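Q: Structure supplied as structure39.csv; contents: CSV, C-alpha atoms.
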```csv
chain,number,residue,atom,x,y,z
M,4,LEU,CA,-1.3,208.4,123.6
M,5,ASN,CA,-0.1,211.2,121.3
M,6,PHE,CA,3.6,210.4,122.1
M,7,LYS,CA,2.9,206.7,121.2
M,8,LYS,CA,1.3,207.7,117.9
M,9,ASN,CA,4.3,209.8,116.9
M,10,LYS,CA,6.7,207.1,118.0
M,11,ASP,CA,4.7,204.6,115.8
M,12,ASN,CA,4.9,207.0,112.8
M,13,ILE,CA,8.7,207.2,113.2
M,14,THR,CA,9.0,203.4,113.5
M,15,ILE,CA,7.1,203.1,110.2
M,16,ILE,CA,9.4,205.5,108.4
M,17,LEU,CA,12.5,203.7,109.8
M,18,LYS,CA,11.2,200.4,108.3
M,19,ILE,CA,10.1,201.9,104.9
M,20,LYS,CA,13.3,203.8,104.4
M,21,ALA,CA,15.7,201.0,105.3
M,22,PHE,CA,17.7,202.8,108.0
M,23,GLY,CA,19.4,199.5,108.9
M,24,ASN,CA,19.5,197.9,112.4
M,25,LYS,CA,22.0,200.3,113.9
M,26,GLY,CA,20.2,203.4,112.7
M,27,ARG,CA,16.8,202.1,114.0
M,28,ILE,CA,18.2,201.1,117.3
M,29,ASP,CA,20.0,204.5,117.8
M,30,ILE,CA,16.9,206.5,117.0
M,31,LEU,CA,14.4,204.3,119.0
M,32,SER,CA,16.7,204.1,122.0
M,33,ARG,CA,16.8,207.9,122.2
M,34,ILE,CA,13.0,208.1,121.9
M,35,ASN,CA,12.6,205.5,124.7
M,36,ARG,CA,14.9,207.5,126.9
M,37,MET,CA,13.0,210.6,126.2
M,38,GLN,CA,9.7,208.9,127.0
M,39,GLN,CA,11.1,207.7,130.3
M,40,SER,CA,12.6,211.1,131.2
M,41,ASN,CA,11.2,213.0,134.2
M,42,SER,CA,12.9,216.4,133.8
M,43,TYR,CA,13.2,219.1,131.1
M,44,ARG,CA,17.0,218.8,131.0
M,45,GLN,CA,16.8,215.0,130.3
M,46,VAL,CA,14.2,215.6,127.5
M,47,ASN,CA,16.4,218.3,126.0
M,48,LYS,CA,19.5,216.1,126.2
M,49,TYR,CA,17.8,213.2,124.3
M,50,GLY,CA,16.1,215.5,121.9
M,51,LYS,CA,19.5,216.9,120.9
M,52,GLU,CA,21.0,213.5,120.5
M,53,LEU,CA,18.0,212.4,118.4
M,54,GLY,CA,18.4,215.4,116.1
M,55,LYS,CA,22.1,214.7,115.6
M,56,ILE,CA,21.5,211.1,114.7
M,57,ILE,CA,18.8,212.0,112.1
M,58,ASN,CA,21.0,214.8,110.7
M,59,ASN,CA,24.0,212.4,110.3
M,60,SER,CA,21.9,209.7,108.6
M,61,GLU,CA,22.3,209.1,104.8
M,62,GLN,CA,18.6,209.7,104.1
M,63,ASP,CA,17.5,212.6,101.8
M,64,SER,CA,16.4,216.0,103.1
M,65,ASP,CA,12.7,215.2,102.8
M,66,VAL,CA,12.9,212.1,105.0
M,67,LYS,CA,15.2,213.9,107.5
M,68,GLY,CA,12.8,216.8,107.6
M,69,GLU,CA,9.8,214.6,108.3
M,70,LEU,CA,11.6,212.6,111.0
M,71,LYS,CA,12.9,215.8,112.6
M,72,GLU,CA,9.3,217.2,112.6
M,73,LEU,CA,8.0,214.1,114.3
M,74,ALA,CA,10.9,214.1,116.8
M,75,ARG,CA,10.2,217.8,117.6
M,76,GLN,CA,6.6,216.9,118.3
M,77,LEU,CA,7.7,214.0,120.5
M,78,LYS,CA,9.8,216.4,122.5
M,79,GLU,CA,6.9,218.9,122.8
M,80,TRP,CA,4.4,216.3,124.0
M,81,LYS,CA,6.8,215.1,126.6
M,82,MET,CA,7.6,218.7,127.7
M,83,LEU,CA,3.9,219.4,128.0
M,84,GLU,CA,3.5,216.3,130.2
M,85,ILE,CA,6.4,217.2,132.4
M,86,TYR,CA,5.2,220.8,132.7
M,87,ARG,CA,1.8,219.6,134.0
M,88,LYS,CA,3.3,217.2,136.5
M,89,GLU,CA,6.0,219.7,137.7
M,90,SER,CA,3.4,222.5,138.1
M,91,ASP,CA,1.1,220.3,140.1
M,92,TYR,CA,4.0,219.0,142.2
M,93,LEU,CA,5.3,222.5,143.0
M,94,LYS,CA,1.8,223.7,143.9
M,95,GLU,CA,1.4,220.9,146.4
M,96,ASN,CA,4.8,221.5,147.9
M,97,ILE,CA,4.2,225.3,148.1
M,98,ASP,CA,0.9,224.7,149.9
M,99,SER,CA,2.8,222.8,152.6
M,100,THR,CA,5.5,225.4,153.2
M,101,GLU,CA,5.6,228.0,155.9
M,102,GLU,CA,3.2,230.9,155.5
M,103,GLN,CA,6.1,233.4,155.1
M,104,PHE,CA,7.2,231.6,151.9
M,105,ARG,CA,3.9,230.4,150.6
M,106,LYS,CA,2.5,233.6,149.1
M,107,GLU,CA,5.8,234.5,147.4
M,108,PHE,CA,6.3,231.1,145.8
M,109,ALA,CA,2.6,230.8,144.7
M,110,LYS,CA,3.0,234.2,143.0
M,111,LEU,CA,6.1,233.0,141.1
M,112,LEU,CA,4.4,229.8,140.0
M,113,ALA,CA,1.3,231.7,138.8
M,114,GLY,CA,3.6,234.2,137.0
M,115,ILE,CA,5.4,231.3,135.2
M,116,ASP,CA,2.0,229.7,134.2
M,117,ARG,CA,0.8,233.0,132.7
M,118,ALA,CA,4.1,234.0,131.0
M,119,GLU,CA,3.6,234.4,127.3
M,120,LYS,CA,6.0,237.2,126.2
M,121,LEU,CA,9.7,238.0,126.7
M,122,SER,CA,9.0,240.8,129.2
M,123,ASP,CA,7.3,238.2,131.5
M,124,PHE,CA,10.4,236.1,131.6
M,125,LYS,CA,12.7,239.1,132.2
M,126,ASP,CA,10.5,240.1,135.1
M,127,LEU,CA,10.5,236.6,136.6
M,128,LYS,CA,14.1,235.7,136.2
M,129,PRO,CA,15.6,238.1,138.7
M,130,LYS,CA,12.9,237.3,141.3
M,131,ILE,CA,13.8,233.6,141.1
M,132,ASP,CA,17.6,234.3,141.2
M,133,GLU,CA,17.0,236.5,144.2
M,134,ALA,CA,15.0,233.8,146.0
M,135,LYS,CA,17.9,231.3,145.3
M,136,GLU,CA,20.3,233.5,147.3
M,137,THR,CA,18.2,233.2,150.5
M,138,ALA,CA,16.9,229.6,149.9
M,139,ASP,CA,17.5,227.0,152.7
M,140,ALA,CA,17.2,223.3,152.7
M,141,GLN,CA,13.4,223.5,153.0
M,142,THR,CA,12.9,226.0,150.1
M,143,GLY,CA,15.8,225.2,147.9
M,144,ASP,CA,14.1,222.4,146.0
M,145,ILE,CA,11.0,224.6,145.3
M,146,ILE,CA,13.2,227.4,144.0
M,147,ASN,CA,15.1,225.0,141.7
M,148,GLY,CA,11.9,223.5,140.5
M,149,LEU,CA,10.5,227.0,139.7
M,150,ASP,CA,13.7,227.8,137.8
M,151,GLU,CA,13.5,224.6,135.7
M,152,LEU,CA,9.7,225.3,135.1
M,153,LEU,CA,10.6,228.7,133.8
M,154,ASP,CA,13.1,227.2,131.4
M,155,LEU,CA,10.5,224.6,130.3
M,156,LYS,CA,7.9,227.4,129.7
M,157,LEU,CA,10.4,229.3,127.6
M,158,GLU,CA,11.0,226.3,125.4
M,159,MET,CA,7.2,225.8,125.0
M,160,ILE,CA,6.8,229.4,123.9
M,161,ILE,CA,9.6,229.0,121.4
M,162,SER,CA,7.7,226.0,120.0
M,163,ASP,CA,4.5,228.1,119.8
M,164,ARG,CA,6.2,230.9,117.9
M,165,ASN,CA,7.7,228.3,115.6
M,166,ARG,CA,4.2,227.0,114.7
M,167,GLU,CA,2.8,230.5,114.3
M,168,LEU,CA,5.7,231.4,111.9
M,169,LYS,CA,5.0,228.3,109.8
M,170,GLU,CA,1.4,229.5,109.3
M,171,LYS,CA,2.7,233.0,108.5
M,172,LEU,CA,5.1,231.7,105.8
M,173,ARG,CA,2.2,229.9,104.1
M,174,SER,CA,0.3,233.2,103.8
M,175,PHE,CA,3.0,234.7,101.6
M,176,ASN,CA,1.9,232.7,98.6
M,177,LEU,CA,5.4,231.7,97.6
M,178,PRO,CA,6.3,229.0,95.1
M,179,GLU,CA,6.4,225.6,96.9
M,180,TYR,CA,10.2,225.3,96.5
M,181,LYS,CA,10.8,228.7,98.1
M,182,LEU,CA,8.4,228.0,100.9
M,183,LYS,CA,10.2,224.8,101.6
M,184,GLU,CA,13.5,226.6,101.7
M,185,LEU,CA,12.3,229.2,104.2
M,186,LYS,CA,10.7,226.5,106.4
M,187,GLU,CA,14.0,224.6,106.4
M,188,LYS,CA,15.9,227.8,107.4
M,189,LEU,CA,13.3,228.4,110.2
M,190,ALA,CA,13.6,224.8,111.5
M,191,ALA,CA,17.4,225.3,111.6
M,192,ILE,CA,17.0,228.5,113.6
M,193,SER,CA,14.6,226.8,116.1
M,194,ASP,CA,16.8,223.7,116.5
M,195,THR,CA,20.0,225.6,117.0
M,196,GLU,CA,21.7,224.9,120.3
M,197,GLU,CA,24.7,227.2,120.0
M,198,ALA,CA,24.5,231.0,120.2
M,199,ARG,CA,27.1,231.5,117.4
M,200,ASP,CA,25.3,229.1,115.1
M,201,PHE,CA,22.0,230.9,115.8
M,202,SER,CA,23.4,234.3,114.8
M,203,ALA,CA,24.7,232.9,111.5
M,204,LYS,CA,21.4,231.1,110.7
M,205,PHE,CA,19.2,233.9,111.7
M,206,SER,CA,21.2,236.3,109.5
M,207,GLU,CA,20.7,233.9,106.5
M,208,PHE,CA,17.0,233.9,107.1
M,209,LEU,CA,16.8,237.7,107.2
M,210,GLU,CA,18.8,238.0,104.0
M,211,ARG,CA,16.5,235.5,102.3
M,212,MET,CA,13.4,237.3,103.4
M,213,LYS,CA,15.0,240.5,102.1
M,214,GLU,CA,15.6,239.0,98.7
M,215,GLU,CA,12.0,238.0,98.5
M,216,GLN,CA,11.0,241.5,99.6
M,217,ILE,CA,9.0,240.1,102.5
M,218,ASP,CA,8.3,242.1,105.6
M,219,ILE,CA,9.7,240.5,108.8
M,220,PRO,CA,6.8,238.8,110.6
M,221,ARG,CA,6.5,240.0,114.2
M,222,GLU,CA,6.5,236.4,115.3
M,223,MET,CA,10.0,236.1,113.8
M,224,LYS,CA,11.3,239.0,115.8
M,225,GLU,CA,9.7,237.5,119.0
M,226,LEU,CA,11.2,234.1,118.3
M,227,SER,CA,14.7,235.6,117.9
M,228,GLU,CA,14.4,237.7,121.0
M,229,ILE,CA,13.1,234.7,123.1
M,230,LYS,CA,15.8,232.4,121.7
M,231,MET,CA,18.6,234.9,122.4
M,232,SER,CA,17.2,235.5,125.9
M,233,SER,CA,17.3,231.7,126.5
M,234,PHE,CA,21.0,231.6,125.4
M,235,LEU,CA,21.9,234.6,127.6
M,236,ARG,CA,20.1,233.0,130.6
M,237,GLU,CA,22.0,229.8,130.2
M,238,LYS,CA,25.4,231.5,129.8
M,239,ILE,CA,24.8,233.7,132.9
M,240,ARG,CA,23.7,230.6,134.8
M,241,LYS,CA,27.0,228.9,134.0
M,242,ILE,CA,29.0,231.8,135.4
M,243,ARG,CA,26.7,232.1,138.4
M,244,ASP,CA,27.1,228.4,139.2
M,245,MET,CA,30.9,228.6,138.8
M,246,LEU,CA,31.1,231.6,141.3
M,247,LYS,CA,28.7,229.9,143.7
M,248,TYR,CA,31.2,227.0,144.1
M,249,SER,CA,34.3,229.2,144.2
M,250,VAL,CA,35.8,230.9,147.3
M,251,LEU,CA,35.0,234.3,145.9
M,252,PRO,CA,33.3,236.4,148.7
M,253,ALA,CA,29.5,236.5,148.2
M,254,GLY,CA,29.4,240.3,148.0
M,255,LEU,CA,32.0,240.4,145.1
M,256,ALA,CA,30.1,237.6,143.3
M,257,LYS,CA,26.8,239.4,143.5
M,258,GLU,CA,28.4,242.7,142.3
M,259,PHE,CA,30.0,241.0,139.4
M,260,LEU,CA,26.8,239.2,138.3
M,261,GLY,CA,24.9,242.5,138.6
M,262,GLU,CA,27.4,244.1,136.2
M,263,LEU,CA,27.2,241.1,133.9
M,264,GLU,CA,23.4,241.3,133.7
M,265,LYS,CA,23.5,245.1,133.1
M,266,LEU,CA,25.1,244.4,129.7
M,267,GLU,CA,21.7,243.5,128.4
M,268,SER,CA,20.4,247.0,128.9
M,269,ILE,CA,23.2,248.7,126.9
M,270,LYS,CA,22.1,250.0,123.5
M,271,ASN,CA,25.5,250.8,122.0
M,272,SER,CA,27.9,248.1,120.7
M,273,ASN,CA,31.1,249.9,121.6
M,274,ASP,CA,29.9,250.2,125.2
M,275,ILE,CA,29.0,246.5,125.3
M,276,THR,CA,32.5,245.7,124.0
M,277,LEU,CA,34.2,247.9,126.6
M,278,ASP,CA,32.1,246.7,129.6
M,279,SER,CA,32.5,243.1,128.6
M,280,LYS,CA,36.3,243.6,128.3
M,281,GLU,CA,36.3,245.0,131.9
M,282,LEU,CA,34.4,242.0,133.1
M,283,LYS,CA,37.0,239.7,131.6
M,284,ILE,CA,39.7,241.6,133.3
M,285,ARG,CA,38.0,241.2,136.6
M,286,ILE,CA,37.6,237.5,136.1
M,287,GLY,CA,41.4,237.4,135.5
M,288,LYS,CA,42.0,239.2,138.8
M,289,PHE,CA,39.7,236.7,140.6
M,290,ALA,CA,41.9,233.9,139.3
M,291,SER,CA,45.2,235.7,140.2
M,292,GLN,CA,43.9,236.3,143.7
M,293,GLY,CA,43.1,232.6,144.1
M,294,PHE,CA,39.4,232.9,144.2
M,295,ILE,CA,38.7,230.8,141.1
M,296,PHE,CA,40.7,228.2,139.2
M,297,ASN,CA,42.3,229.0,135.8
M,298,GLU,CA,39.9,226.6,134.1
M,299,ALA,CA,37.0,228.5,135.5
M,300,LYS,CA,38.5,231.8,134.4
M,301,ASP,CA,38.8,230.5,130.8
M,302,MET,CA,35.3,229.2,130.8
M,303,ALA,CA,33.9,232.5,132.2
M,304,ARG,CA,35.8,234.6,129.7
M,305,GLY,CA,34.5,232.4,126.8
M,306,GLU,CA,30.9,232.9,128.1
M,307,ILE,CA,31.4,236.6,128.4
M,308,GLU,CA,32.6,236.8,124.8
M,309,ASP,CA,29.5,234.9,123.7
M,310,ILE,CA,27.2,237.2,125.7
M,311,ARG,CA,28.9,240.2,124.1
M,312,ASP,CA,28.5,238.8,120.6
M,313,LEU,CA,24.9,237.9,121.2
M,314,LEU,CA,24.0,241.4,122.5
M,315,ILE,CA,25.8,243.1,119.6
M,316,PHE,CA,24.0,240.8,117.2
M,317,LYS,CA,20.7,241.7,118.9
M,318,LEU,CA,21.4,245.4,118.2
M,319,LYS,CA,22.2,244.6,114.6
M,320,VAL,CA,18.9,242.7,114.2
M,321,ASP,CA,16.9,245.5,115.8
M,322,GLU,CA,18.5,247.9,113.3
M,323,GLU,CA,18.1,245.7,110.3
M,324,THR,CA,14.4,244.9,111.0
M,325,LYS,CA,13.5,248.5,111.8
M,326,GLY,CA,10.9,249.5,109.2
M,327,ARG,CA,10.8,245.9,107.8
M,328,GLU,CA,8.3,244.4,110.3
M,329,ASP,CA,4.9,243.3,109.1
M,330,PRO,CA,2.7,246.3,109.7
M,331,LYS,CA,-0.6,244.3,109.9
M,332,GLY,CA,-1.8,244.8,113.4
M,333,LYS,CA,-0.3,243.7,116.7
M,334,SER,CA,0.9,240.2,117.2
M,335,GLN,CA,-1.1,237.7,119.3
M,336,ILE,CA,1.2,237.9,122.3
M,337,ASP,CA,1.2,241.7,122.4
M,338,SER,CA,-2.6,241.9,122.4
M,339,ARG,CA,-3.2,239.5,125.2
M,340,LYS,CA,-4.8,241.0,128.3
M,341,GLU,CA,-4.0,240.2,131.9
M,342,PRO,CA,-6.3,237.2,132.8
M,343,GLU,CA,-8.9,237.6,135.4
M,344,ASN,CA,-8.9,233.9,136.2
M,345,PRO,CA,-5.3,232.7,136.5
M,346,ASP,CA,-6.3,229.0,136.9
M,347,GLY,CA,-8.5,229.2,133.8
M,348,ASP,CA,-5.7,230.9,131.9
M,349,ILE,CA,-3.2,228.2,132.9
M,350,LYS,CA,-5.6,225.5,131.6
M,351,ASN,CA,-6.2,227.4,128.4
M,352,ASN,CA,-2.5,227.8,127.7
M,353,ILE,CA,-1.9,224.1,128.1
M,354,GLU,CA,-4.9,223.2,125.9
M,355,ARG,CA,-3.7,225.6,123.3
M,356,GLN,CA,-0.3,224.0,123.3
M,357,GLY,CA,-1.9,220.6,122.8
M,358,ARG,CA,-4.2,221.8,120.0
M,359,GLY,CA,-1.2,223.3,118.1
M,360,LEU,CA,0.6,219.9,118.3
M,361,LEU,CA,-2.5,218.0,117.1
M,362,LYS,CA,-2.7,220.4,114.0
M,363,GLU,CA,0.9,219.7,113.1
M,364,GLU,CA,0.4,216.0,113.5
M,365,LYS,CA,-2.6,216.0,111.2
M,366,LYS,CA,-0.6,217.9,108.5
M,367,LEU,CA,2.1,215.3,108.6
M,368,ILE,CA,-0.4,212.5,108.1
M,369,LEU,CA,-2.0,214.3,105.2
M,370,ILE,CA,1.5,214.8,103.6
M,371,ARG,CA,2.2,211.0,103.8
```
Translate the structure described by the file into structure tokens.
A:
Amino acid sequence: LNFKKNKDNITIILKIKAFGNKGRIDILSRINRMQQSNSYRQVNKYGKELGKIINNSEQDSDVKGELKELARQLKEWKMLEIYRKESDYLKENIDSTEEQFRKEFAKLLAGIDRAEKLSDFKDLKPKIDEAKETADAQTGDIINGLDELLDLKLEMIISDRNRELKEKLRSFNLPEYKLKELKEKLAAISDTEEARDFSAKFSEFLERMKEEQIDIPREMKELSEIKMSSFLREKIRKIRDMLKYSVLPAGLAKEFLGELEKLESIKNSNDITLDSKELKIRIGKFASQGFIFNEAKDMARGEIEDIRDLLIFKLKVDEETKGREDPKGKSQIDSRKEPENPDGDIKNNIERQGRGLLKEEKKLILIR
């Protein structure tokens, strides 16, 4: 119902603003594909395409901004729908597995449902990766489903932080034109799909906040950390998948991935640079020994360079925001307690996500 309302609102804008037949068809076709999607990756794919079409249109920034906001809400409603379905589907499948797997998988699913801060994701990721290594035909689909559900939850938390930040920006009592500028920069950060673009846009936002002499909201720091963690996870996944389908011995692949993941714990930019350089050399040796193709070598080296740059940028952000964070109390996600009733907490999380979307929808209606 809410998806249809947002779709109808977009259709009205397309008619009023004279997008032309091609523009309308391109936008509505992506919305229809998103509506029919049954996985997070499909929704993400069509969401990206929709954003590009809107950005490339000849409409003014206000119209583009309103359309992108409605498109973002469409994507969030659909992700919420898929999350509910996937979670129920996995629970049913887990209940029918052998007892030796049932308890472990149920614990992972409950952990994903309760995840609300970055440390939760960092705790769950290696457990799912480890389970993948021992998965067989019976359990492989469940593990892959849990992995996708974790990605989906991470995306939902990014959307939550984005909404919290918008509310925070309103509390700074800035002139309307400055508030609009910061909101646009925030939207650009949230919508960024490439790690290098993210670093540049986030730096611009920090500089703008510095010019206005505004303390960095904790929600902003959390959003950047979760977003960077999402980029890192995807890049490591690409390298892991490449090694999985290579002829590199499993022991060497596991050792290499362990060293790659250790980069995230290094707190010195020089050490990150040196260790990533060593990893690139090892990838070159794998290629020269015939374990991987040259194309895979080039891909992996590029991903390692991106991982290096992201981690160095993270250190820079930590340094620049030190002493500039909003001192007013702890953020909402830091103050949450461990739930006594996991099922109740899962329901509350889903309801809270829906309430946030309804608030955004009402604001757009009032603006029009």
Q: Please identify all polymer residues within 12 Å of Asp312 in chain M, counting all atoms listed in the file, omitting same-chain residues fewer than 2 positions from it, and present them as a PyMOL selection string.
A: chain M and resi 198-203+231+234-235+266-267+272-273+275-276+279-280+305-310+314-319
Q: Using only C-alpha atoms, which residues sit within 10 Å of Lys247 in chain M once same-chain residues fewer than 5 positions away are excluded, as a ChimeraX atom specification?
A: /M:136,241-242,252-253,256-257
Q: Could you build a table of the residues in range 205-286 of chain M lying no more than 8 Å from range 183-188 of chain M, giving for each the nearest pair of atoms and their separation in Å rounded to one decimal place, using only C-alpha atoms, ordered by chain and ascending residue number, as a Markdown table?
A:
```
| residue | atom | partner | partner_atom | distance |
| --- | --- | --- | --- | --- |
| M:Glu207 | CA | M:Lys188 | CA | 7.8 |
| M:Phe208 | CA | M:Lys188 | CA | 6.2 |
| M:Arg211 | CA | M:Leu185 | CA | 7.8 |
```
Q: May I have the residues within 12 Å of Gln39 in chain M as an MDAnalysis selection string, using all atoms listed in the file and disregarding those fewer than 2 positions away in the same chain?
A: chainID M and resid 6 32:37 41:43 45:46 49 78 81:82 84:85
Q: Which residue, M:Ser90, M:Gln76, M:Asn58, M:Ser122, has the smallest gap to Ala109 in chain M when you use all atoms listed in the file?
A: M:Ser90
Q: May I have the residues within 12 Å of Leu93 in chain M as a PyMOL selection string, using only C-alpha atoms and disregarding those fewer than 2 positions away in the same chain?
A: chain M and resi 85-91+95-100+105+108-113+115-116+142-152
Q: Could you please determine the separation between CA of Arg311 in chain M and CA of Gly114 in chain M in Å, to one decimal place?
A: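 Atom-to-atom, CA of Arg311 in chain M and CA of Gly114 in chain M are spaced 29.0 Å apart.
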Q: To one decimal place in Å, what is the distance between CA of Lys283 in chain M and CA of Arg304 in chain M?
A: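 Computing the Euclidean distance for CA of Lys283 in chain M and CA of Arg304 in chain M yields 5.6 Å.
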Q: Hey, can you pull every residue with an atom no more than 12 Å from (13.4, 235.7, 116.6), using all atoms listed in the file, and send it as JSON, numbers by chain?
A: {"M": [121, 160, 161, 162, 164, 165, 168, 189, 192, 193, 201, 202, 204, 205, 206, 208, 209, 219, 220, 221, 222, 223, 224, 225, 226, 227, 228, 229, 230, 231, 232, 233, 316, 317, 320, 321, 324, 328]}
Q: Mind pulling up the distance from CA of Gln38 in chain M to CA of Asn24 in chain M?
A: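 Between CA of Asn24 in chain M and CA of Gln38 in chain M the gap is 20.7 Å.
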Q: Between M:Lys181, M:Arg75, M:Lys135, M:Lys128, which has the minimum distance to Met212 in chain M (counting all atoms listed in the file)?
A: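 The shortest atom-to-atom distance to Met212 in chain M comes from M:Lys181.
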Q: Working from the structure I just supplied, which lacks atoms in range 214-221 of chain M, can you model all heavy atoms there and output them as a short mmCIF file (atom, residue, chain, number, x, y, z; two decimals), in the coordinates of the input?
A:
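Result went into out16.cif, see below:
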```cif
data_model
loop_
_atom_site.label_atom_id
_atom_site.label_comp_id
_atom_site.auth_asym_id
_atom_site.auth_seq_id
_atom_site.Cartn_x
_atom_site.Cartn_y
_atom_site.Cartn_z
N GLU M 214 15.61 239.26 100.14
CA GLU M 214 15.60 239.00 98.70
C GLU M 214 14.24 238.77 98.14
O GLU M 214 13.97 239.14 96.99
CB GLU M 214 16.48 237.69 98.47
CG GLU M 214 17.97 237.89 98.70
CD GLU M 214 18.72 236.58 98.65
OE1 GLU M 214 18.10 235.54 98.31
OE2 GLU M 214 19.93 236.58 98.96
N GLU M 215 13.36 238.19 98.94
CA GLU M 215 12.00 238.00 98.50
C GLU M 215 11.10 239.20 98.72
O GLU M 215 9.91 239.17 98.41
CB GLU M 215 11.37 236.77 99.23
CG GLU M 215 12.04 235.44 98.94
CD GLU M 215 11.92 235.05 97.49
OE1 GLU M 215 10.92 235.41 96.84
OE2 GLU M 215 12.85 234.38 96.97
N GLN M 216 11.70 240.26 99.29
CA GLN M 216 11.00 241.50 99.60
C GLN M 216 9.76 241.26 100.47
O GLN M 216 8.66 241.77 100.25
CB GLN M 216 10.55 242.19 98.27
CG GLN M 216 11.72 242.61 97.38
CD GLN M 216 11.28 243.33 96.12
OE1 GLN M 216 10.21 243.07 95.58
NE2 GLN M 216 12.11 244.25 95.65
N ILE M 217 10.01 240.46 101.50
CA ILE M 217 9.00 240.10 102.50
C ILE M 217 9.22 240.85 103.77
O ILE M 217 10.34 240.84 104.27
CB ILE M 217 8.93 238.59 102.72
CG1 ILE M 217 8.57 237.85 101.43
CG2 ILE M 217 7.92 238.25 103.81
CD1 ILE M 217 8.67 236.35 101.57
N ASP M 218 8.19 241.47 104.31
CA ASP M 218 8.30 242.10 105.60
C ASP M 218 8.59 241.05 106.68
O ASP M 218 8.09 239.93 106.61
CB ASP M 218 7.03 242.87 105.98
CG ASP M 218 6.84 244.11 105.12
OD1 ASP M 218 7.85 244.71 104.72
OD2 ASP M 218 5.68 244.46 104.84
N ILE M 219 9.37 241.42 107.68
CA ILE M 219 9.70 240.50 108.80
C ILE M 219 8.48 240.28 109.65
O ILE M 219 7.99 241.24 110.24
CB ILE M 219 10.88 241.00 109.60
CG1 ILE M 219 12.09 241.31 108.72
CG2 ILE M 219 11.24 239.99 110.69
CD1 ILE M 219 12.60 240.15 107.93
N PRO M 220 7.98 239.05 109.76
CA PRO M 220 6.80 238.80 110.60
C PRO M 220 7.18 239.16 112.09
O PRO M 220 8.31 238.90 112.54
CB PRO M 220 6.56 237.31 110.49
CG PRO M 220 7.23 236.92 109.22
CD PRO M 220 8.42 237.82 109.09
N ARG M 221 6.24 239.72 112.80
CA ARG M 221 6.50 240.00 114.20
C ARG M 221 6.85 238.76 114.99
O ARG M 221 7.65 238.80 115.93
CB ARG M 221 5.24 240.67 114.83
CG ARG M 221 4.93 242.06 114.31
CD ARG M 221 3.68 242.63 114.95
NE ARG M 221 3.34 243.92 114.36
CZ ARG M 221 3.84 245.09 114.75
NH1 ARG M 221 4.73 245.10 115.73
NH2 ARG M 221 3.49 246.21 114.18
#
```
